[in-house]
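What follows is a single structure, written as structure tokens, with notes after it.
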Amino acid sequence: MIIKNFHSLSTNSAKKDALSIIEAGLDAANPRRYLEKIIQDDILVLPGRKIDLGKYDRILVIAMGKAACSMASTIDLLTRIDGGILVVPDKIQMVDKKFRMIRAGHPIPNKNSLIAAKRILEFLDKTTSGDLVIFLISGGASSLVCMPDGITLGQKQATTGLLLKCGASIHEINCVRKHLSKIKGGKMVKHLRSDAVSLIMSDVVGDDLSSIASGMTYYDKTTFADAKKILKKYRIEKLVPKSVMYHVDLGVKGRIKETPKKAKIQNYVIATNKDCLDAMKLRAKDLGYSTKILGCVSGDVKDLGSKISGAFSGNKKNCVIFGGESTVVVTGKGKGGRNQELVLRCMSDLSKKGNDIVIASVGTDGIDGATNCAGAICPSGPKIDAMAQYLDDNNSYNFFKKYGGLVFTGSTGTNLMDIGLVLRK
């Protein structure tokens, strides 16, 4: 089981069904499922294109993100790999002498994030025409690989922290990141000396290649002017370091070159959040539920809570499945994550439809905010009076720690955003 505390959480049949459906979604996020379909007999089979891996002198891998290890190890089983670099979050463990592994900072970049960027560029500079570089990209790469432009690492860290707390979407956060970077927005592949292809697991709503991992191997659809608007929109233009606004203003004035607007290599999304939702729907139907997929949702948890609750009919043997990535405006000093806070907000709305409804939401990466859990599961109804104070302090983790419902998976080695459901048995 991916959910480590599945049995202890299954205190009734409804919660057991909910966890079984969530488990199916988590299992569908495994990169191996998708890579095995596209690498066959040393041929990389992609939409409208086949790449003969046997014709290259060396097959090299650069994997960045929460799924870097699982993606790289799978490809290593399926074909010949001659070396490469893996950049992963600090807690990921993997020992393979074939790859150089760098553990870096997430969600705030650290010194190792800078080292990772330098090592990757040095690696790319040494490639030759006889090589093929396969980029393996997944969620978290924007933080894990960092090379600030015009500002210091400390200033980039401060700016990232403000963006994460203000309620900005991942598209908006990555727009700003791209315009403060020497490698994002397609700049990384300028150092290539060989053929290359990028295989991507999407961790952004809409699967926009220019936003996933800040488009390091793609190109950028945004501008310095867009970045400035975002900083102003969330009223943090006076809170970020002065050098950040100075750099952005230089770009707006055309004194700094814009990010690339054309892709140098081909990029392919091989797995999305929808794959998880489809697997969840199949499991729910097998369990006898009338099922509706709300789709890939985004936005402030305050709005999403009522949207998800409103989509649920309240009928028996009914299940609403949703995915995506919400945002939280952090104003309190508590501990929590977007999935836990979403469950807490949905609980309040769903209590009006009965006390036998179950709501669950988890991150497919197994990490929800700055906590050790993936998310939460809880029935509607109980403890309503206690919720408000926990929500006001962004303290959802301690609510579920006290009343029960934290879902633990540990790091899953993948990331296809969040998945969740509402059901009544």
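Ordering of the structure tokens sets the chain letters (A, B, ...), residue numbers begin anew at 1 in every chain, and ligands are numbered from 1 in the order given.
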Using 10 Å as the limit and counting only C-alpha atoms, can you tabulate each residue of range 217-332 of chain A that touches range 138-149 of chain A, with its shortest atom-to-atom distance in Å and the two atoms involved, as CSV?
residue,atom,partner,partner_atom,distance
A:Val244,CA,A:Asp149,CA,9.5
A:His247,CA,A:Asp149,CA,8.3
A:Val269,CA,A:Ser138,CA,9.9
A:Ala271,CA,A:Ser138,CA,9.8
Go through range 252-316 of chain A residue by residue and, counting only C-alpha atoms, keep those with an atom at most 9 Å from range 17-34 of chain A; for each kept residue give the shortest atom pair and its distance in Å to one decimal, ordered by chain and increasing number, as a tab-separated table.
residue	atom	partner	partner_atom	distance
A:Ile270	CA	A:Tyr34	CA	6.4
A:Ala271	CA	A:Tyr34	CA	6.7
A:Thr272	CA	A:Ala29	CA	8.2
A:Asn273	CA	A:Ala29	CA	7.9
A:Asp275	CA	A:Ala28	CA	6.6
A:Cys276	CA	A:Gly25	CA	4.4
A:Leu277	CA	A:Gly25	CA	6.2
A:Asp278	CA	A:Gly25	CA	8.0
A:Ala279	CA	A:Gly25	CA	5.7
A:Met280	CA	A:Gly25	CA	5.1
A:Lys281	CA	A:Ile21	CA	7.7
A:Leu282	CA	A:Ile21	CA	8.6
A:Arg283	CA	A:Ile21	CA	5.6
A:Ala284	CA	A:Ile21	CA	6.0
A:Leu287	CA	A:Asp17	CA	7.4
Since we have the selection now, will you write its residues out, keeping C-alpha atoms, as a PDB file, in the first residue's frame?
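Below is the file that was written, out-v5.pdb:
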ATOM      1  CA  ILE A 270       4.043  11.859 -20.682  1.00  0.00           C
ATOM      2  CA  ALA A 271       1.740  11.932 -17.622  1.00  0.00           C
ATOM      3  CA  THR A 272      -0.771  14.351 -16.108  1.00  0.00           C
ATOM      4  CA  ASN A 273      -3.142  14.727 -13.185  1.00  0.00           C
ATOM      5  CA  ASP A 275      -4.311  10.038 -15.506  1.00  0.00           C
ATOM      6  CA  CYS A 276      -4.735   9.848 -11.733  1.00  0.00           C
ATOM      7  CA  LEU A 277      -8.354  11.017 -11.859  1.00  0.00           C
ATOM      8  CA  ASP A 278      -9.240   8.474 -14.554  1.00  0.00           C
ATOM      9  CA  ALA A 279      -7.783   5.662 -12.426  1.00  0.00           C
ATOM     10  CA  MET A 280      -9.756   6.902  -9.416  1.00  0.00           C
ATOM     11  CA  LYS A 281     -12.961   6.935 -11.438  1.00  0.00           C
ATOM     12  CA  LEU A 282     -12.446   3.314 -12.468  1.00  0.00           C
ATOM     13  CA  ARG A 283     -11.882   2.252  -8.859  1.00  0.00           C
ATOM     14  CA  ALA A 284     -14.954   4.188  -7.670  1.00  0.00           C
ATOM     15  CA  LEU A 287     -16.928  -0.098  -5.790  1.00  0.00           C
TER      16      LEU A 287
END
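Restricting the calculation to only C-alpha atoms, the smallest distance between Leu421 in chain A and any of A:Lys190, A:Gly310, A:Gly167, A:Ser361 is found for A:Ser361.
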* Gap from CA of Lys262 in chain A to CA of Met417 in chain A - Å, one decimal -> 26.7 Å
List the spatial neighbours of range 98-108 of chain A as an mmCIF file with C-alpha atoms, in the first residue's frame - criterion: any atom at most 8 Å away, only C-alpha atoms, same-chain residues fewer than 6 positions off excluded.
data_model
loop_
_atom_site.group_PDB
_atom_site.id
_atom_site.type_symbol
_atom_site.label_atom_id
_atom_site.label_comp_id
_atom_site.auth_asym_id
_atom_site.auth_seq_id
_atom_site.Cartn_x
_atom_site.Cartn_y
_atom_site.Cartn_z
ATOM 1 C CA ASP A 82 25.763 5.852 -20.028
ATOM 2 C CA GLY A 83 25.584 8.440 -17.263
ATOM 3 C CA GLY A 84 23.902 11.561 -16.056
ATOM 4 C CA ILE A 85 22.859 13.871 -13.240
ATOM 5 C CA LEU A 86 19.918 13.539 -10.857
ATOM 6 C CA VAL A 87 18.709 16.533 -8.838
ATOM 7 C CA VAL A 88 16.272 15.607 -6.084
ATOM 8 C CA PRO A 89 14.850 16.966 -2.811
ATOM 9 C CA ASP A 90 16.965 16.477 0.307
ATOM 10 C CA LYS A 91 15.045 13.497 1.692
ATOM 11 C CA ILE A 92 15.174 11.352 -1.461
ATOM 12 C CA ALA A 116 23.096 21.609 -9.384
ATOM 13 C CA GLY A 140 9.902 20.634 -7.834
ATOM 14 C CA SER A 143 13.409 25.153 -6.781
ATOM 15 C CA LEU A 144 15.893 22.286 -7.016
ATOM 16 C CA VAL A 145 17.837 23.841 -9.907
ATOM 17 C CA GLN A 157 15.120 32.787 -1.585
ATOM 18 C CA THR A 160 10.356 32.767 -3.494
ATOM 19 C CA GLY A 161 9.196 32.721 0.124
#
* To do: List every residue of range 57-292 of chain A that DSSP, applied to the backbone of this structure, places in alpha helix (DSSP H), and write the result as a PyMOL selection string.
  => chain A and resi 68-78+111-125+141-144+153-165+170-178+224-233+242-252+273-286
* To do: From range 135-371 of chain A, collect each residue whose DSSP state is strand (DSSP E) and return the set as a PyMOL selection string.
  => chain A and resi 135-137+195-201+266-271+290-300+318-327+357-363
Test item: residues at most 10 Å from Ser73 in chain A, only C-alpha atoms, excluding those fewer than 3 positions along its chain, as a compact mmCIF listing (two decimals) with N, CA and C atoms, in the first residue's frame:
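out_34.txt, freshly written:
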# COMPACT_ATOMS: atom_id res chain seq x y z
N ARG A 32 6.78 4.82 -13.95
CA ARG A 32 7.08 3.59 -14.68
C ARG A 32 5.96 3.21 -15.64
N ALA A 68 12.59 12.40 -10.17
CA ALA A 68 13.86 12.20 -10.90
C ALA A 68 14.41 10.79 -10.73
N CYS A 69 14.44 10.30 -9.50
CA CYS A 69 15.01 8.96 -9.25
C CYS A 69 14.19 7.86 -9.90
N SER A 70 12.88 7.91 -9.71
CA SER A 70 12.03 6.85 -10.26
C SER A 70 12.02 6.89 -11.79
N ASP A 76 16.71 3.40 -17.01
CA ASP A 76 17.92 2.59 -16.93
C ASP A 76 17.61 1.10 -17.09
N LEU A 77 16.42 0.70 -16.67
CA LEU A 77 15.99 -0.69 -16.84
C LEU A 77 15.54 -0.98 -18.26
N LEU A 78 15.05 0.04 -18.95
CA LEU A 78 14.45 -0.15 -20.26
C LEU A 78 15.42 -0.01 -21.42
N ILE A 81 21.84 3.36 -20.55
CA ILE A 81 22.13 4.71 -20.08
C ILE A 81 23.61 4.77 -19.71
N MET A 94 18.82 7.41 -2.99
CA MET A 94 19.08 6.49 -4.10
C MET A 94 20.59 6.41 -4.28
N ASP A 96 23.35 5.02 -6.93
CA ASP A 96 23.64 4.46 -8.25
C ASP A 96 24.85 5.21 -8.79
N PHE A 99 24.92 7.59 -11.94
CA PHE A 99 24.42 8.96 -11.93
C PHE A 99 25.08 9.78 -10.83
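When CA of Val133 in chain A is paired with CA of His171 in chain A, their separation reads 26.6 Å.
Comparing the minimum interatomic distances between Leu124 in chain A and each of A:Lys307, A:Arg255, A:Arg193, A:Lys4, counting only C-alpha atoms, we find that A:Arg193 sits nearest.
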* If you count only C-alpha atoms, which residues fall within 12 Å of Asp125 in chain A, apart from same-chain ones fewer than 5 positions away, as a PyMOL selection string? -> chain A and resi 118-120+131+133+188-194
Could you take the residues named above and write them with N, CA and C atoms, as a tab-separated table (two decimals), in the first residue's frame?
chain	number	residue	atom	x	y	z
A	118	LYS	N	24.98	24.65	-11.94
A	118	LYS	CA	26.34	24.76	-12.49
A	118	LYS	C	26.82	23.42	-13.06
A	119	ARG	N	26.55	22.34	-12.31
A	119	ARG	CA	26.99	21.01	-12.75
A	119	ARG	C	26.27	20.59	-14.03
A	120	ILE	N	24.98	20.91	-14.13
A	120	ILE	CA	24.23	20.56	-15.33
A	120	ILE	C	24.77	21.31	-16.55
A	131	ASP	N	25.98	12.19	-29.00
A	131	ASP	CA	25.21	11.93	-27.77
A	131	ASP	C	23.73	12.24	-27.95
A	133	VAL	N	20.84	13.47	-25.13
A	133	VAL	CA	20.50	13.81	-23.74
A	133	VAL	C	18.98	13.69	-23.58
A	188	MET	N	18.40	26.99	-20.33
A	188	MET	CA	19.30	25.87	-20.03
A	188	MET	C	19.80	25.17	-21.29
A	189	VAL	N	18.93	24.95	-22.26
A	189	VAL	CA	19.31	24.16	-23.43
A	189	VAL	C	20.20	24.91	-24.40
A	190	LYS	N	20.46	26.18	-24.14
A	190	LYS	CA	21.43	26.91	-24.97
A	190	LYS	C	22.81	26.28	-24.88
A	191	HIS	N	23.06	25.55	-23.80
A	191	HIS	CA	24.37	24.94	-23.58
A	191	HIS	C	24.51	23.57	-24.25
A	192	LEU	N	23.47	23.09	-24.88
A	192	LEU	CA	23.51	21.76	-25.51
A	192	LEU	C	24.46	21.72	-26.71
A	193	ARG	N	25.16	20.60	-26.84
A	193	ARG	CA	26.03	20.36	-27.99
A	193	ARG	C	25.61	19.08	-28.70
A	194	SER	N	24.43	18.56	-28.36
A	194	SER	CA	24.00	17.26	-28.88
A	194	SER	C	22.50	17.27	-29.14
* Asked: Which residue gives the smallest distance to Tyr403 in chain A among A:Val252, A:Ile39, A:Met387, A:Ile367, with only C-alpha atoms counted?
  -> A:Met387
* Near-Gly354 in chain A list (10 Å; only C-alpha atoms; drop same-chain fewer than 2 positions) as a PyMOL selection string -> chain A and resi 314+349-352+356-357+379-381+424
